[in-house]
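Q: Pasting model_11.txt below, which is compact mmCIF, C-alpha atoms and all ligand atoms.
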# COMPACT_ATOMS: atom_id res chain seq x y z
CA MET A 1 56.83 -64.17 -47.06
CA ASP A 2 54.44 -63.90 -44.15
CA TYR A 3 52.70 -60.72 -43.29
CA TYR A 4 51.05 -59.47 -40.14
CA SER A 5 47.87 -57.53 -39.78
CA LEU A 6 47.98 -54.92 -36.99
CA LYS A 7 44.85 -53.19 -35.79
CA MET A 8 44.50 -50.52 -33.14
CA ARG A 9 41.47 -48.81 -31.69
CA ALA A 10 41.32 -46.40 -28.79
CA SER A 11 38.42 -44.95 -26.86
CA GLN A 12 37.54 -42.86 -23.87
CA GLN A 13 34.75 -43.06 -21.32
CA VAL A 14 32.53 -40.02 -21.45
CA GLY A 15 29.41 -38.99 -19.55
CA GLU A 16 28.23 -39.81 -16.02
CA GLY A 17 26.09 -42.58 -14.53
CA GLU A 18 23.45 -43.82 -16.95
CA GLN A 19 24.91 -41.67 -19.73
CA LYS A 20 28.32 -43.33 -19.50
CA ARG A 21 29.61 -44.60 -22.86
CA GLU A 22 32.78 -45.33 -24.81
CA GLN A 23 33.67 -42.64 -27.29
CA HIS A 24 35.89 -43.65 -30.20
CA ILE A 25 39.12 -41.63 -30.37
CA SER A 26 41.39 -43.23 -32.89
CA GLY A 27 41.85 -46.32 -35.00
CA ALA A 28 44.46 -47.57 -37.44
CA GLU A 29 45.42 -50.68 -39.28
CA ARG A 30 48.38 -51.97 -41.23
CA ILE A 31 49.62 -55.06 -43.02
CA VAL A 32 53.40 -55.26 -42.62
CA ASN A 33 56.23 -57.77 -42.74
CA ARG A 34 57.53 -59.52 -39.66
CA ASP A 35 60.47 -57.15 -39.09
CA SER A 36 58.19 -54.14 -38.82
CA VAL A 37 55.61 -55.50 -36.41
CA GLU A 38 57.15 -54.16 -33.21
CA ALA A 39 57.94 -50.67 -34.44
CA VAL A 40 54.60 -50.20 -36.20
CA CYS A 41 52.83 -51.38 -33.06
CA ALA A 42 54.66 -48.80 -30.93
CA ALA A 43 53.82 -46.08 -33.45
CA MET A 44 50.13 -47.03 -33.28
CA VAL A 45 50.10 -46.73 -29.52
CA ARG A 46 51.76 -43.33 -29.74
CA ARG A 47 49.18 -42.23 -32.27
CA ALA A 48 46.37 -43.27 -29.97
CA MET A 49 47.91 -41.45 -27.01
CA THR A 50 48.51 -38.16 -28.78
CA HIS A 51 45.22 -37.84 -30.66
CA SER A 52 43.46 -34.48 -30.84
CA LYS A 53 40.14 -36.12 -29.94
CA GLY A 54 41.28 -36.83 -26.38
CA ASP A 55 43.27 -39.02 -24.00
CA PRO A 56 42.20 -42.67 -24.37
CA ASP A 57 41.55 -44.89 -21.37
CA PHE A 58 41.18 -48.02 -23.51
CA ILE A 59 43.52 -49.09 -26.31
CA ASN A 60 43.17 -52.40 -28.12
CA VAL A 61 45.97 -53.66 -30.37
CA LYS A 62 45.43 -56.87 -32.32
CA ILE A 63 48.20 -58.64 -34.23
CA GLU A 64 47.44 -61.51 -36.61
CA LYS A 65 49.64 -63.46 -38.98
CA ILE A 66 48.34 -63.64 -42.53
CA HIS A 67 49.55 -65.70 -45.45
CA GLU A 68 50.83 -64.13 -48.61
CA SER A 69 48.61 -66.40 -50.70
CA ASP A 70 45.52 -64.85 -49.11
CA ILE A 71 46.51 -61.34 -50.17
CA GLN A 72 45.20 -59.65 -53.30
CA ILE A 73 47.16 -56.75 -54.79
CA LEU A 74 45.23 -53.88 -56.36
CA LYS A 75 46.43 -50.89 -58.34
CA ALA A 76 45.53 -47.61 -56.64
CA LEU A 77 42.70 -45.59 -58.16
CA PRO A 78 43.99 -42.68 -60.25
CA VAL A 79 43.90 -39.41 -58.28
CA THR A 80 42.55 -36.04 -59.39
CA ARG A 81 41.90 -32.92 -57.35
CA VAL A 82 39.19 -30.29 -57.37
CA ASP A 83 39.98 -26.88 -55.88
CA VAL A 84 37.11 -24.87 -54.49
CA GLU A 85 36.66 -21.45 -52.88
CA THR A 86 34.31 -22.53 -50.11
CA TRP A 87 33.32 -25.74 -48.34
CA GLN A 88 29.74 -25.25 -49.55
CA GLU A 89 30.96 -25.29 -53.14
CA GLY A 90 33.05 -28.40 -52.42
CA LEU A 91 30.12 -30.24 -50.88
CA GLU A 92 27.89 -29.35 -53.83
CA LYS A 93 30.52 -30.61 -56.27
CA ALA A 94 30.88 -33.85 -54.30
CA PHE A 95 27.11 -34.38 -54.30
CA GLY A 96 27.16 -33.70 -58.06
CA PHE A 97 29.80 -36.37 -58.76
CA ILE A 98 27.93 -38.90 -56.65
CA ASN A 99 24.52 -38.14 -58.17
CA LYS A 100 25.93 -38.53 -61.65
CA THR A 101 27.62 -41.84 -60.80
CA VAL A 102 24.53 -43.21 -59.06
CA SER A 103 22.27 -42.16 -61.90
CA ASP A 104 24.58 -43.75 -64.51
CA GLY A 105 24.64 -46.92 -62.39
CA LEU A 106 20.87 -47.03 -62.07
CA LEU A 107 20.29 -46.40 -65.76
CA ARG A 108 22.81 -48.97 -66.92
CA GLU A 109 20.78 -51.73 -65.31
CA ALA A 110 17.36 -50.20 -66.02
CA ARG A 111 14.66 -52.16 -67.77
CA ASN A 112 12.05 -49.38 -67.80
CA ASP A 113 11.66 -45.73 -66.81
CA GLU A 114 11.03 -46.35 -63.09
CA TYR A 115 14.58 -45.21 -62.38
CA GLY A 116 13.89 -41.59 -63.26
CA VAL A 117 12.04 -41.24 -59.95
CA LEU A 118 14.71 -43.16 -58.02
CA ILE A 119 17.42 -40.87 -59.36
CA LYS A 120 15.57 -37.72 -58.31
CA ASP A 121 14.75 -39.15 -54.87
CA PHE A 122 18.35 -40.15 -54.33
CA ALA A 123 19.67 -36.67 -55.14
CA GLN A 124 17.22 -35.18 -52.63
CA LYS A 125 18.10 -37.68 -49.93
CA LEU A 126 21.89 -37.59 -50.19
CA PRO A 127 22.51 -34.65 -47.78
CA GLU A 128 20.31 -36.36 -45.18
CA LEU A 129 22.14 -39.68 -45.63
CA LEU A 130 25.40 -37.87 -44.97
CA ARG A 131 24.02 -36.41 -41.73
CA GLU A 132 22.96 -39.89 -40.62
CA THR A 133 26.58 -41.08 -40.85
CA PHE A 134 27.95 -38.46 -38.41
CA PRO A 135 27.67 -40.54 -35.22
CA MET A 136 28.80 -43.78 -36.92
CA ARG A 137 32.19 -45.47 -36.50
CA GLY A 138 31.97 -47.27 -39.82
CA ALA A 139 30.31 -46.48 -43.11
CA MET A 140 26.72 -46.53 -44.27
CA LEU A 141 26.10 -49.21 -46.93
CA TYR A 142 23.30 -47.85 -49.08
CA ASP A 143 21.55 -49.83 -51.80
CA ILE A 144 20.73 -47.48 -54.69
CA ALA A 145 18.37 -50.05 -56.26
CA THR A 146 16.07 -50.42 -53.22
CA CYS A 147 16.89 -47.19 -51.28
CA GLU A 148 17.67 -49.28 -48.21
CA ARG A 149 20.49 -49.25 -45.72
CA LEU A 150 22.17 -52.66 -45.60
CA GLU A 151 24.48 -52.44 -42.58
CA PRO A 152 23.70 -55.22 -40.08
CA ASP A 153 24.22 -52.62 -37.32
CA HIS A 154 23.06 -49.11 -38.28
CA GLU A 155 24.72 -47.42 -35.33
CA ARG A 156 28.14 -48.83 -36.10
CA GLY A 157 28.05 -49.20 -39.87
CA VAL A 158 30.34 -51.46 -41.87
CA ARG A 159 34.10 -51.11 -41.65
CA ALA A 160 36.55 -51.90 -44.40
CA THR A 161 39.56 -53.64 -42.84
CA TYR A 162 42.66 -55.70 -43.71
CA MET A 163 44.31 -53.30 -46.11
CA ASP A 164 47.51 -51.32 -46.47
CA ALA A 165 49.78 -49.82 -49.09
CA LEU A 166 52.10 -52.33 -50.75
CA HIS A 167 55.72 -52.21 -49.52
CA SER A 168 54.81 -49.83 -46.77
CA SER A 169 56.64 -50.99 -43.73
CA GLU A 170 57.24 -47.41 -42.83
CA VAL A 171 56.66 -46.41 -39.25
CA ASP A 172 54.39 -43.44 -39.00
CA SER A 173 52.93 -42.30 -35.73
CA CYS A 174 51.03 -39.43 -37.21
CA LYS A 175 48.05 -39.99 -39.46
CA ASN A 176 48.48 -39.28 -43.16
CA HIS A 177 44.89 -38.81 -44.25
CA PHE A 178 45.50 -39.08 -47.96
CA ASN A 179 47.69 -42.21 -47.82
CA GLU A 180 45.17 -44.05 -45.69
CA ALA A 181 42.19 -42.87 -47.72
CA ILE A 182 43.58 -43.91 -51.12
CA VAL A 183 44.15 -47.41 -49.77
CA LEU A 184 40.65 -47.67 -48.28
CA ALA A 185 38.98 -46.12 -51.35
CA THR A 186 40.78 -48.52 -53.69
CA LYS A 187 39.68 -51.53 -51.70
CA VAL A 188 36.11 -50.26 -51.44
CA ALA A 189 35.83 -49.40 -55.15
CA ASN A 190 36.76 -53.01 -55.97
CA ALA A 191 34.17 -54.59 -53.69
CA PRO A 192 31.42 -56.62 -55.42
CA GLY A 193 28.46 -54.42 -56.40
CA MET A 194 30.11 -51.16 -55.31
CA VAL A 195 29.00 -48.06 -57.21
CA ALA A 196 30.76 -45.17 -55.43
CA GLU A 197 32.04 -43.86 -52.12
CA PHE A 198 31.52 -40.50 -50.45
CA CYS A 199 33.83 -39.40 -47.62
CA VAL A 200 34.23 -36.46 -45.28
CA SER A 201 36.78 -36.76 -42.43
CA ASP A 202 35.53 -36.48 -38.88
CA ASP A 203 38.80 -34.87 -37.79
CA PRO A 204 37.94 -31.25 -36.90
CA ASN A 205 41.01 -29.82 -38.58
CA TYR A 206 40.91 -31.88 -41.79
CA VAL A 207 38.53 -30.38 -44.33
CA THR A 208 39.57 -32.24 -47.51
CA GLY A 209 37.28 -35.09 -48.52
CA TYR A 210 36.78 -37.24 -51.58
CA VAL A 211 34.43 -39.15 -53.82
CA ALA A 212 35.62 -42.33 -55.49
CA SER A 213 34.62 -45.13 -57.80
CA LYS A 214 36.25 -47.33 -60.43
CA GLU A 215 35.02 -44.89 -63.12
CA LEU A 216 35.65 -41.61 -61.28
CA GLY A 217 38.91 -42.69 -59.74
CA TYR A 218 39.78 -40.91 -56.48
CA VAL A 219 38.59 -37.32 -56.64
CA ARG A 220 39.98 -35.15 -53.85
CA ILE A 221 37.79 -32.18 -53.02
CA MET A 222 39.94 -29.75 -51.12
CA LYS A 223 37.24 -28.26 -48.85
CA MET A 224 34.12 -30.16 -47.89
CA LYS A 225 33.33 -28.81 -44.44
CA GLU A 226 34.04 -25.89 -42.15
CA MET A 227 37.35 -25.89 -40.23
CA GLY A 228 36.67 -27.07 -36.65
CA ASP A 229 33.64 -29.15 -37.58
CA GLU A 230 33.98 -32.68 -36.20
CA ASN A 231 31.15 -34.13 -38.22
CA GLY A 232 32.27 -36.52 -40.89
CA GLY A 233 31.28 -39.83 -42.35
CA ARG A 234 31.38 -42.31 -45.18
CA ILE A 235 28.72 -43.68 -47.49
CA PHE A 236 29.35 -46.79 -49.58
CA LEU A 237 26.87 -46.74 -52.46
CA PHE A 238 26.04 -50.24 -53.54
CA ASP A 239 23.80 -51.83 -56.21
CA SER A 240 22.04 -55.01 -55.07
CA ARG A 241 21.29 -55.97 -58.68
CA LYS A 242 25.03 -56.54 -59.21
CA ALA A 243 26.00 -58.48 -56.08
CA SER A 244 24.61 -59.57 -52.74
CA ALA A 245 25.08 -57.46 -49.63
CA GLU A 246 26.66 -60.50 -47.90
CA GLU A 247 29.41 -60.91 -50.48
CA CYS A 248 30.11 -57.17 -50.48
CA ILE A 249 30.36 -57.00 -46.67
CA GLU A 250 32.46 -60.16 -46.58
CA TYR A 251 34.91 -58.57 -49.02
CA LEU A 252 35.06 -55.26 -47.12
CA GLN A 253 35.61 -56.93 -43.74
CA LYS A 254 37.68 -60.02 -44.54
CA LYS A 255 39.57 -59.82 -47.83
CA LYS A 256 43.25 -58.97 -47.39
CA ILE A 257 44.28 -56.21 -49.78
CA LEU A 258 47.58 -54.49 -50.51
CA VAL A 259 47.32 -51.42 -52.71
CA ASP A 260 50.06 -50.56 -55.17
CA VAL A 261 50.27 -46.78 -54.87
CA GLY A 262 53.14 -46.46 -57.35
CA ALA A 263 55.88 -44.32 -55.76
N1 LIG B 1 35.63 -48.41 -42.91
C1 LIG B 1 34.45 -47.79 -43.02
N2 LIG B 1 34.23 -46.54 -42.57
C2 LIG B 1 35.24 -45.90 -41.97
C3 LIG B 1 36.51 -46.50 -41.81
C4 LIG B 1 36.69 -47.82 -42.30
N3 LIG B 1 37.84 -48.45 -42.19
N4 LIG B 1 37.31 -45.62 -41.16
C5 LIG B 1 36.56 -44.53 -40.94
N5 LIG B 1 35.31 -44.69 -41.42
C6 LIG B 1 34.21 -43.73 -41.36
C7 LIG B 1 33.89 -43.31 -39.95
O1 LIG B 1 32.50 -43.18 -39.81
C8 LIG B 1 34.52 -41.95 -39.84
O2 LIG B 1 33.78 -41.10 -39.02
C9 LIG B 1 34.52 -41.43 -41.26
O3 LIG B 1 34.59 -42.57 -42.09
C10 LIG B 1 35.70 -40.53 -41.56
O4 LIG B 1 36.88 -41.23 -41.20
O5 LIG B 1 42.63 -36.86 -50.24
O6 LIG B 1 40.34 -38.96 -42.43
O7 LIG B 1 39.28 -41.52 -40.77
O8 LIG B 1 43.27 -35.68 -48.52
O9 LIG B 1 38.16 -39.26 -40.28
C11 LIG B 1 40.19 -38.14 -46.60
C12 LIG B 1 41.45 -37.70 -47.24
C13 LIG B 1 40.45 -38.43 -45.15
C14 LIG B 1 41.15 -36.79 -48.38
C15 LIG B 1 39.27 -39.11 -44.57
O10 LIG B 1 38.40 -40.09 -42.64
C16 LIG B 1 42.44 -36.40 -49.11
C17 LIG B 1 39.42 -39.38 -43.13
P1 LIG B 1 38.26 -40.51 -41.12
MG MG B 2 38.78 -39.49 -38.20
I need this file expressed as structure tokens, please.
Ligand code: WAQ
Ligand code: MG
A:
Amino acid sequence: MDYYSLKMRASQQVGEGEQKREQHISGAERIVNRDSVEAVCAAMVRRAMTHSKGDPDFINVKIEKIHESDIQILKALPVTRVDVETWQEGLEKAFGFINKTVSDGLLREARNDEYGVLIKDFAQKLPELLRETFPMRGAMLYDIATCERLEPDHERGVRATYMDALHSSEVDSCKNHFNEAIVLATKVANAPGMVAEFCVSDDPNYVTGYVASKELGYVRIMKMKEMGDENGGRIFLFDSRKASAEECIEYLQKKKILVDVGA
């Protein structure tokens, strides 16, 4: 069977004169069978035109045929949830999971004790790294072995694309944060050299975030920011001793993935 990749992005012009720029409003992507292309496309356009971030004046929809033999099927990461009283507690827990995973990753490949310092530095830097992602449209790709950012374009970041849930030809004009996130997180966790992912939504009314890795699975943290806060972002934590940045980015941006979410 042939499949089709559908991608939508919508933006709005903001500012005056010199300050004029395109602000991202909404994006979505699917991999569906031929019969669903039209309906899913219409649903994407509706989603762009009813987004809480504003009324778009530019919408781009791209439709590409892809061959079944180019698609890899992955089993969804197992999901757990962490309930917290406050967003501050949630954020601390999320940092804790990430620090533990990064430190395990660094130690596993360690040849001497130099990593003790790296681990401490990383834990101190993590909140600042998160802040740096706020204006980005994609994710930060951070190398835990060299403490360097590896995105070719720091302002944009890297975007994981060409992924969807298996057998999902469902038409859905309203964003389901969890369904989309489990698909993205599963693809990302399977990328060469990937250690962990950290995610906070940039949607002002969506406060649940997650941390994920092959070992952690997908850990939902029910509150990670204040309601109304439109600052969010993603960090992909990567280990350059395990793979090259090029092969990781190639996988994130090009490999076609369908995620078996059970159900
Ligand atoms: N690839 C890389 N980075 C991305 C991508 C992508 N395909 N899509 C979004 N980002 C970055 C971008 O910088 C956004 O600002 C940030 O991630 C957050 O994206 O279990 O809604 O789409 O209920 O706002 C988590 C669900 C929802 C938790 C996350 O993210 C749960 C969400 P958003
Ligand atoms: Mg968003």
Q: Quick one: what's the axis-aligned box for ligand LIG 1 (chain B), all listed atoms, 3 Å on every side, centre and edges in Å to one decimal, as JSON?
A:
{"center_x": 37.9, "center_y": -42.1, "center_z": -44.6, "size_x": 16.8, "size_y": 18.8, "size_z": 17.2}
Q: Compute the set of protein, DNA and RNA residues whose minimum atom distance to ligand LIG 1 (chain B) is at most 7 Å, using all atoms listed in the file, and state it as a list in words.
A: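 If we count all atoms listed in the file, the neighbours of ligand LIG 1 (chain B) turn out to be Thr133, Phe134, Met136, Arg137, Gly138, Ala139, Val158, Arg159, Ala160, Thr161, His177, Phe178, Ala181, Leu184, Cys199, Val200, Ser201, Asp202, Asp203, Thr208, Gly209, Tyr210, Arg220, Gly232, Gly233 and Arg234 of chain A.
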Q: Give me, as an mmCIF file with C-alpha atoms, keeping the file's coordinate frame, all polymer residues having an atom no more than 10 Å from Phe122 in chain A, counting all atoms listed in the file and skipping those fewer than 6 positions away in the same chain.
A:
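Now in out_7.cif:
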data_model
loop_
_atom_site.group_PDB
_atom_site.id
_atom_site.type_symbol
_atom_site.label_atom_id
_atom_site.label_comp_id
_atom_site.auth_asym_id
_atom_site.auth_seq_id
_atom_site.Cartn_x
_atom_site.Cartn_y
_atom_site.Cartn_z
ATOM 1 C CA ILE A 98 27.930 -38.900 -56.650
ATOM 2 C CA ASN A 99 24.520 -38.140 -58.170
ATOM 3 C CA VAL A 102 24.530 -43.210 -59.060
ATOM 4 C CA SER A 103 22.270 -42.160 -61.900
ATOM 5 C CA LEU A 129 22.140 -39.680 -45.630
ATOM 6 C CA ILE A 144 20.730 -47.480 -54.690
ATOM 7 C CA CYS A 147 16.890 -47.190 -51.280
#
Q: Applying 12 Å and all atoms listed in the file, which residues near Phe58 in chain A remain after dropping the ones on its own chain fewer than 3 positions away? List them as a list in words.
A: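 Final neighbour list, sorted by chain and number: Met8, Arg9, Ala10, Ser11, Gln12, Gln13, Val14, Glu22, Gln23, His24, Ile25, Ser26, Gly27, Val45, Ala48, Met49, Gly54, Asp55 and Val61 of chain A.
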Q: With C-alpha atoms retained, could you export that selection as a PDB file, in the frame of the given file?
A:
ATOM      1  CA  MET A   8      44.500 -50.520 -33.140  1.00  0.00           C
ATOM      2  CA  ARG A   9      41.470 -48.810 -31.690  1.00  0.00           C
ATOM      3  CA  ALA A  10      41.320 -46.400 -28.790  1.00  0.00           C
ATOM      4  CA  SER A  11      38.420 -44.950 -26.860  1.00  0.00           C
ATOM      5  CA  GLN A  12      37.540 -42.860 -23.870  1.00  0.00           C
ATOM      6  CA  GLN A  13      34.750 -43.060 -21.320  1.00  0.00           C
ATOM      7  CA  VAL A  14      32.530 -40.020 -21.450  1.00  0.00           C
ATOM      8  CA  GLU A  22      32.780 -45.330 -24.810  1.00  0.00           C
ATOM      9  CA  GLN A  23      33.670 -42.640 -27.290  1.00  0.00           C
ATOM     10  CA  HIS A  24      35.890 -43.650 -30.200  1.00  0.00           C
ATOM     11  CA  ILE A  25      39.120 -41.630 -30.370  1.00  0.00           C
ATOM     12  CA  SER A  26      41.390 -43.230 -32.890  1.00  0.00           C
ATOM     13  CA  GLY A  27      41.850 -46.320 -35.000  1.00  0.00           C
ATOM     14  CA  VAL A  45      50.100 -46.730 -29.520  1.00  0.00           C
ATOM     15  CA  ALA A  48      46.370 -43.270 -29.970  1.00  0.00           C
ATOM     16  CA  MET A  49      47.910 -41.450 -27.010  1.00  0.00           C
ATOM     17  CA  GLY A  54      41.280 -36.830 -26.380  1.00  0.00           C
ATOM     18  CA  ASP A  55      43.270 -39.020 -24.000  1.00  0.00           C
ATOM     19  CA  VAL A  61      45.970 -53.660 -30.370  1.00  0.00           C
TER      20      VAL A  61
END
Q: Between A:Ile249, A:Ala165, A:Leu141, A:Val84, single out the one closest to Glu197 in chain A, counting all atoms listed in the file.
A: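 Using all atoms listed in the file, Glu197 in chain A sits closest to A:Leu141.
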Q: Which of these, A:Leu130, A:Leu77, A:Val207, A:Met224, has the shortest distance to ligand MG 2 (chain B) once you count only C-alpha atoms and all ligand atoms?
A: A:Val207
Q: Between A:Arg21, A:Arg30, A:Lys175, A:Lys100, which residue has the minimum interatomic distance to Ser52 in chain A, considering all atoms listed in the file?
A: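 Under the stated criterion, the closest residue is A:Lys175.
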Q: Which one of A:Val183, A:Lys225, A:Glu246, A:Asp239 sits closest to Pro78 in chain A if you count only C-alpha atoms?
A: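 Using only C-alpha atoms, the shortest distance to Pro78 in chain A belongs to A:Val183.
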Q: Compare A:Gly228, A:Ala110, A:Met140, A:Ala189 by their minimum atom-to-atom distance to Arg241 in chain A, counting all atoms listed in the file, and give me the closest one.
A: A:Ala110
Q: May I ask which of the residues A:Gly15, A:Pro135, A:Gly116, A:Pro127 is the closest one to ligand MG 2 (chain B), counting only C-alpha atoms and all ligand atoms?
A: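 Closest residue, counting only C-alpha atoms and all ligand atoms: A:Pro135.
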Q: Report, in Å with one decimal, the straight-line distance from CA of Thr86 in chain A to CA of Pro204 in chain A.
A: 16.2 Å
Q: If I take CA of Lys256 in chain A and CA of Gly105 in chain A, how far is one from the other in Å, to one decimal?
A: 26.8 Å
Q: Just the residues within 10 Å of Glu148 in chain A, please, counting only C-alpha atoms, with nothing from its chain fewer than 6 positions along; format it as number ranges by chain.
A: A: 141-142, 238, 240
Q: Quick one: distance from CA of His167 in chain A to CA of Lys187 in chain A in Å, one decimal?
A: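 Atom-to-atom, CA of His167 in chain A to CA of Lys187 in chain A, that is 16.2 Å.
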Q: Give me the residues near Asp164 in chain A as a PDB file with C-alpha atoms, in the frame of the given file, where near means some atom within 10 Å (using all atoms listed in the file) and where sequence neighbours in that chain fewer than 6 positions away do not count.
A:
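For reference, part-v9.pdb as written:
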ATOM      1  CA  SER A   5      47.870 -57.530 -39.780  1.00  0.00           C
ATOM      2  CA  GLU A  29      45.420 -50.680 -39.280  1.00  0.00           C
ATOM      3  CA  ARG A  30      48.380 -51.970 -41.230  1.00  0.00           C
ATOM      4  CA  ILE A  31      49.620 -55.060 -43.020  1.00  0.00           C
ATOM      5  CA  VAL A  32      53.400 -55.260 -42.620  1.00  0.00           C
ATOM      6  CA  ILE A  73      47.160 -56.750 -54.790  1.00  0.00           C
ATOM      7  CA  ASN A 179      47.690 -42.210 -47.820  1.00  0.00           C
ATOM      8  CA  GLU A 180      45.170 -44.050 -45.690  1.00  0.00           C
ATOM      9  CA  ILE A 182      43.580 -43.910 -51.120  1.00  0.00           C
ATOM     10  CA  VAL A 183      44.150 -47.410 -49.770  1.00  0.00           C
ATOM     11  CA  LEU A 184      40.650 -47.670 -48.280  1.00  0.00           C
ATOM     12  CA  LYS A 187      39.680 -51.530 -51.700  1.00  0.00           C
ATOM     13  CA  LYS A 256      43.250 -58.970 -47.390  1.00  0.00           C
ATOM     14  CA  ILE A 257      44.280 -56.210 -49.780  1.00  0.00           C
ATOM     15  CA  LEU A 258      47.580 -54.490 -50.510  1.00  0.00           C
ATOM     16  CA  VAL A 259      47.320 -51.420 -52.710  1.00  0.00           C
ATOM     17  CA  ASP A 260      50.060 -50.560 -55.170  1.00  0.00           C
ATOM     18  CA  VAL A 261      50.270 -46.780 -54.870  1.00  0.00           C
TER      19      VAL A 261
END
Q: Please complete range 114-120 of chain A with all heavy atoms and give it back as a compact mmCIF listing (two decimals), keeping the file's coordinate frame.
A:
# COMPACT_ATOMS: atom_id res chain seq x y z
N GLU A 114 11.26 -46.54 -64.53
CA GLU A 114 11.03 -46.35 -63.09
C GLU A 114 12.24 -45.66 -62.42
O GLU A 114 12.10 -45.08 -61.35
CB GLU A 114 10.78 -47.70 -62.42
CG GLU A 114 12.01 -48.59 -62.47
CD GLU A 114 11.75 -50.03 -62.01
OE1 GLU A 114 11.30 -50.18 -60.88
OE2 GLU A 114 12.02 -50.96 -62.77
N TYR A 115 13.38 -45.73 -63.05
CA TYR A 115 14.58 -45.21 -62.38
C TYR A 115 14.68 -43.70 -62.39
O TYR A 115 15.41 -43.13 -61.59
CB TYR A 115 15.83 -45.86 -62.96
CG TYR A 115 15.90 -47.32 -62.56
CD1 TYR A 115 15.64 -48.33 -63.47
CD2 TYR A 115 16.14 -47.65 -61.24
CE1 TYR A 115 15.65 -49.65 -63.08
CE2 TYR A 115 16.15 -48.97 -60.83
CZ TYR A 115 15.90 -49.98 -61.75
OH TYR A 115 15.90 -51.27 -61.35
N GLY A 116 13.91 -43.05 -63.26
CA GLY A 116 13.89 -41.59 -63.26
C GLY A 116 13.51 -41.06 -61.89
O GLY A 116 14.14 -40.14 -61.36
N VAL A 117 12.51 -41.66 -61.27
CA VAL A 117 12.04 -41.24 -59.95
C VAL A 117 13.10 -41.54 -58.89
O VAL A 117 13.42 -40.72 -58.03
CB VAL A 117 10.72 -41.97 -59.60
CG1 VAL A 117 10.22 -41.54 -58.23
CG2 VAL A 117 9.68 -41.70 -60.67
N LEU A 118 13.67 -42.75 -58.98
CA LEU A 118 14.71 -43.16 -58.02
C LEU A 118 15.87 -42.17 -58.02
O LEU A 118 16.41 -41.80 -56.98
CB LEU A 118 15.27 -44.53 -58.40
CG LEU A 118 14.62 -45.77 -57.80
CD1 LEU A 118 15.43 -47.00 -58.19
CD2 LEU A 118 14.58 -45.65 -56.28
N ILE A 119 16.27 -41.76 -59.23
CA ILE A 119 17.42 -40.87 -59.36
C ILE A 119 17.14 -39.53 -58.70
O ILE A 119 17.97 -39.00 -57.96
CB ILE A 119 17.77 -40.69 -60.86
CG1 ILE A 119 18.36 -42.00 -61.41
CG2 ILE A 119 18.75 -39.54 -61.07
CD1 ILE A 119 18.43 -42.07 -62.93
N LYS A 120 15.94 -39.01 -58.90
CA LYS A 120 15.57 -37.72 -58.31
C LYS A 120 15.49 -37.85 -56.79
O LYS A 120 15.99 -36.99 -56.05
CB LYS A 120 14.23 -37.25 -58.86
CG LYS A 120 14.36 -35.87 -59.51
CD LYS A 120 13.09 -35.45 -60.23
CE LYS A 120 12.26 -34.51 -59.38
NZ LYS A 120 10.87 -34.47 -59.87
